[in-house]
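Colleague: This is the structure, below, for whatever I ask next.
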Amino acid sequence: MNRTFRALTIASALLVSARAHGADGPTIRLAPADKDAPPRIEITGLDKAALNAARKLDAENKRWDEILKVQVADEKGQAPAERPALLGTWRVDGDKLRFEPRFPLQKGLTYRVTFAEPGLTGAAASDKPLSATVSIPKPASKPSTVVSAVYPSSDRLPENQLKFYIHFSAPMARGGIYAHIRLLNENGKPVFQPFLEVDEELWDATGKRVTLLVDPGRIKHGLKPREEFGPVLESGKRYTLAIKNTWNDAAGEPLKAEFRKTFTAGPAEETPPDPKDWKLTLPATGKDVMTLRFPKPMDHALLHRAIVVRDASGAEVDGDVSIGDEEQTWQFRPTKDWRPGKYRVEVDTILEDRAGNGVGRPFEVDVLRPPTRIIESKKVDLPFTIAASPANK
């Protein structure tokens, strides 16, 4: 028996069992938290045959979320088909089928739980799967977490803008983030599916910054999503990135207030960043700041990790980095006084502008008009010298 057929047979056994019990049959419920585990979702009332079938359904045979799916529901208790399922583990625990989410369920959110899907088991299209909504009541709260910044910081962005970085004042709850984010057009209407909704949400290690990707399929020319739905952003039009205060922080408290960033889309940025166009201003004395200025804004997060300063021996110079002028300047202040000698600014070519164009590498290559200059090296050096009596240049 091949793997797919075996999985479908097991799913059929589960679903038939669920329907055979009628009103007294399987029930989807939220199991309360205990000292060892946070709240989790359970299906009770399955008969012995269904439980035995479930035990055989391991991860190697079939993805559980194709048979038992948990999604963040909207205000009406429904979960759009394109909304990703929560990550987690399904297992049989005694007489229960239990879902343990990778990230804790959030207070105040409603989840749609679906047990099997029409067509998956060969059931008739009119034969609806077992489904229900569960939620954790939202306690009385004193919200304090806010959106502290959104990058890019400019109010004018290219129509091929690739990423948004959302920063929070405290760690946030993970999972289901797209239910709290909307991109509105100039009429206040939501733009259709503007973001690439990924299962593995792009959080930093602190849980205080998340990366939001504009769907690349609607940025690059010639791809089906762009041809079918059009670009997400169009030059000359105004948009608002709206973040709802329904988003909970890691403590289960909602954001203190909704956040909005309004901006105008401008022409696409298609030219890769080129270090020969950057301006380096050297420090004068002591711990003076060294400044690197770009002719156009760069990716905020990558600026913090793609550029370092090294001395003549190749050792990294310790210091603090700050980003300013709407991501057009990179400034470095050394921990110790500058010493006379040779240095270099080392740039990793992972550095990108706002549209995803890397150093010497365009995001979208037109085969009819190939780029005239592509930097092959993974590192680019900008050498400079601190004289015994340094002066501004």
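Each chain in the structure tokens gets a letter, A, B, ..., in the order shown, and its residues are numbered from 1; ligands are numbered from 1 in order too.
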Leaving out Val92 (chain A) and any residue of its chain fewer than 4 positions from it, which residues lie within 12 Å of it when counting only C-alpha atoms, given as a PyMOL selection string?
Modeller: chain A and resi 41-44+46+48+50-58+96-100
Colleague: Could you please write out, as a VMD selection string, every residue of region 133-280 of chain A that DSSP assigns to strand (DSSP E or B)?
Modeller: chain A and resid 133 to 136 147 to 151 156 to 158 163 to 168 172 181 to 184 190 195 202 to 203 209 to 214 238 to 243 248 to 249 254 259 to 266 279 to 280
Colleague: Any idea what the distance is between CA of Phe259 (chain A) and CA of Val146 (chain A)?
Modeller: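 Between CA of Phe259 (chain A) and CA of Val146 (chain A) the gap works out to 8.1 Å.
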Colleague: Return as a compact mmCIF listing (two decimals) with C-alpha atoms, in the first residue's frame the full set of residues in region 16-185 of chain A whose backbone-based DSSP assignment is helix (DSSP H, G or I).
Modeller:
```txt
# COMPACT_ATOMS: atom_id res chain seq x y z
CA VAL A 16 -16.22 8.12 9.21
CA SER A 17 -15.83 7.55 12.95
CA ALA A 18 -16.43 11.23 13.61
CA ARG A 19 -19.68 11.19 11.64
CA ALA A 20 -20.89 7.82 12.97
CA GLY A 22 -23.76 11.91 15.44
CA ALA A 23 -24.59 14.44 18.15
CA ASP A 24 -22.82 12.33 20.77
CA LYS A 48 -11.13 2.77 19.37
CA ALA A 49 -10.81 2.13 15.62
CA ALA A 50 -10.30 5.82 14.89
CA LEU A 51 -7.76 6.19 17.69
CA ASN A 52 -5.81 3.17 16.40
CA ALA A 53 -5.86 4.66 12.89
CA ALA A 54 -4.57 7.97 14.23
CA ARG A 55 -1.69 6.26 16.02
CA LYS A 56 -0.51 4.87 12.69
CA TRP A 64 -1.28 16.32 9.96
CA ASP A 65 -2.39 19.82 8.98
CA GLU A 66 -3.97 18.36 5.83
CA ILE A 177 0.59 37.69 12.70
CA TYR A 178 -1.11 38.32 9.35
CA ALA A 179 -4.51 38.59 11.03
CA HIS A 180 -3.33 41.86 12.58
```
Colleague: Counting only C-alpha atoms, figure out which residue out of A:Leu196, A:Leu223, A:Val70, A:Ile181 gets nearest to Leu241 (chain A).
Modeller: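 Once distances to Leu241 (chain A) are computed over only C-alpha atoms, the minimum belongs to A:Ile181.
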Colleague: List as number ranges by chain the protein and nucleic acid residues near region 224-231 of chain A, meaning an atom at most 12 Å away when only C-alpha atoms are counted, but skip any in the same chain fewer than 4 places from it.
Modeller: A: 158-162, 191-196, 214-220, 235, 237, 265, 268
Colleague: With C-alpha atoms retained, could you export that selection as a short mmCIF file (atom, residue, chain, number, x, y, z; two decimals), in the first residue's frame?
Modeller:
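This went into out.cif:
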```cif
data_model
loop_
_atom_site.label_atom_id
_atom_site.label_comp_id
_atom_site.auth_asym_id
_atom_site.auth_seq_id
_atom_site.Cartn_x
_atom_site.Cartn_y
_atom_site.Cartn_z
CA PRO A 158 9.62 52.64 -4.30
CA GLU A 159 6.75 50.76 -5.90
CA ASN A 160 8.93 47.63 -5.77
CA GLN A 161 9.47 47.92 -2.00
CA LEU A 162 10.35 44.42 -0.76
CA VAL A 191 -4.99 45.66 -0.87
CA PHE A 192 -5.60 42.04 -1.88
CA GLN A 193 -3.06 39.64 -0.32
CA PRO A 194 -0.10 42.04 -0.44
CA PHE A 195 2.25 40.02 1.77
CA LEU A 196 3.95 36.66 1.44
CA VAL A 214 5.78 42.03 0.08
CA ASP A 215 4.84 39.17 -2.24
CA PRO A 216 7.80 38.93 -4.68
CA GLY A 217 5.49 37.34 -7.24
CA ARG A 218 3.73 40.68 -7.54
CA ILE A 219 6.96 42.66 -7.78
CA LYS A 220 8.82 40.81 -10.52
CA SER A 235 3.86 54.78 -8.27
CA LYS A 237 -0.54 56.34 -5.09
CA ALA A 265 4.77 54.95 -3.71
CA ALA A 268 10.76 51.49 -8.90
#
```
Colleague: Please, what distance in Å, to one decimal, runs between CA of Asp34 (chain A) and CA of Lys107 (chain A)?
Modeller: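 Straight-line distance from CA of Asp34 (chain A) to CA of Lys107 (chain A) works out to 15.4 Å.
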Colleague: For Ile243 (chain A), which residue out of A:Leu68, A:Leu184, A:Ala33, A:Ala170 is the nearest one, using only C-alpha atoms?
Modeller: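 Nearest to Ile243 (chain A): A:Leu184.
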Colleague: Pick the closest to Arg174 (chain A) from A:Leu157, A:Ala73, A:Leu86, A:Ala242: which is it, counting only C-alpha atoms?
Modeller: A:Leu86
Colleague: So, counting only C-alpha atoms, which residue among A:Arg182, A:Glu197, A:Leu292, A:Lys379 is closest to Lys244 (chain A)?
Modeller: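 Under the stated criterion, the closest residue is A:Arg182.
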Colleague: When distances are computed from only C-alpha atoms, which of A:Gly319, A:Pro39, A:Gly94, A:Pro190 shows the smallest separation from Val232 (chain A)?
Modeller: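 Of the candidates, the smallest distance to Val232 (chain A) is held by A:Pro190.
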Colleague: Each residue of region 324-373 of chain A lying at most 7 Å from region 275-288 of chain A should get a row with its shortest atom-to-atom pair and the distance in Å to one decimal, counting only C-alpha atoms; could you produce that, ordered by chain and increasing number, as JSON lines?
Modeller:
```
{"residue": "A:Arg333", "atom": "CA", "partner": "A:Lys287", "partner_atom": "CA", "distance": 6.1}
{"residue": "A:Pro334", "atom": "CA", "partner": "A:Lys287", "partner_atom": "CA", "distance": 5.7}
{"residue": "A:Lys336", "atom": "CA", "partner": "A:Lys287", "partner_atom": "CA", "distance": 6.4}
{"residue": "A:Asp337", "atom": "CA", "partner": "A:Gly286", "partner_atom": "CA", "distance": 4.4}
{"residue": "A:Trp338", "atom": "CA", "partner": "A:Gly286", "partner_atom": "CA", "distance": 5.6}
```
Colleague: Those residues with N, CA and C atoms, as a PDB file, in the first residue's frame please?
Modeller:
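Done, and the output landed in part_33.pdb:
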```pdb
ATOM      1  N   ARG A 333      30.993  54.820  15.688  1.00  0.00           N
ATOM      2  CA  ARG A 333      31.772  55.466  16.742  1.00  0.00           C
ATOM      3  C   ARG A 333      32.576  54.386  17.469  1.00  0.00           C
ATOM      4  N   PRO A 334      33.920  54.434  17.435  1.00  0.00           N
ATOM      5  CA  PRO A 334      34.724  53.381  18.061  1.00  0.00           C
ATOM      6  C   PRO A 334      34.635  53.421  19.582  1.00  0.00           C
ATOM      7  N   LYS A 336      37.182  52.692  21.497  1.00  0.00           N
ATOM      8  CA  LYS A 336      38.434  53.326  21.897  1.00  0.00           C
ATOM      9  C   LYS A 336      38.833  54.360  20.848  1.00  0.00           C
ATOM     10  N   ASP A 337      39.738  55.260  21.224  1.00  0.00           N
ATOM     11  CA  ASP A 337      40.190  56.291  20.297  1.00  0.00           C
ATOM     12  C   ASP A 337      40.764  55.675  19.022  1.00  0.00           C
ATOM     13  N   TRP A 338      40.541  56.353  17.907  1.00  0.00           N
ATOM     14  CA  TRP A 338      41.181  55.954  16.657  1.00  0.00           C
ATOM     15  C   TRP A 338      42.702  56.046  16.810  1.00  0.00           C
TER      16      TRP A 338
END
```
Colleague: What is the CA of Arg209 (chain A)-CA of Tyr151 (chain A) distance in Å, reported with one decimal?
Modeller: 10.5 Å
Colleague: Counting only C-alpha atoms, which residues of region 341-364 of chain A fall within 12 Å of region 320-330 of chain A, and what is the closest atom pair for each with its distance in Å at one decimal, ordered by chain and rising number, as JSON lines?
Modeller:
```
{"residue": "A:Val345", "atom": "CA", "partner": "A:Trp330", "partner_atom": "CA", "distance": 11.1}
{"residue": "A:Val347", "atom": "CA", "partner": "A:Trp330", "partner_atom": "CA", "distance": 11.7}
{"residue": "A:Glu352", "atom": "CA", "partner": "A:Glu327", "partner_atom": "CA", "distance": 11.4}
{"residue": "A:Asp353", "atom": "CA", "partner": "A:Glu327", "partner_atom": "CA", "distance": 9.4}
{"residue": "A:Arg354", "atom": "CA", "partner": "A:Glu327", "partner_atom": "CA", "distance": 9.5}
```
Colleague: With C-alpha atoms kept, could you save the residues just selected as a PDB file, in the first residue's frame?
Modeller:
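Result written to again.pdb:
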```pdb
ATOM      1  CA  VAL A 345      35.234  49.448   5.758  1.00  0.00           C
ATOM      2  CA  VAL A 347      30.870  45.549   3.117  1.00  0.00           C
ATOM      3  CA  GLU A 352      20.468  45.540  -0.200  1.00  0.00           C
ATOM      4  CA  ASP A 353      18.463  48.645  -0.910  1.00  0.00           C
ATOM      5  CA  ARG A 354      14.752  48.867  -0.130  1.00  0.00           C
TER       6      ARG A 354
END
```
Colleague: Neighbours of Pro254 (chain A) within 7 Å (only C-alpha atoms; same-chain residues fewer than 5 positions away dropped), as a PyMOL selection string?
Modeller: chain A and resi 143+245-249
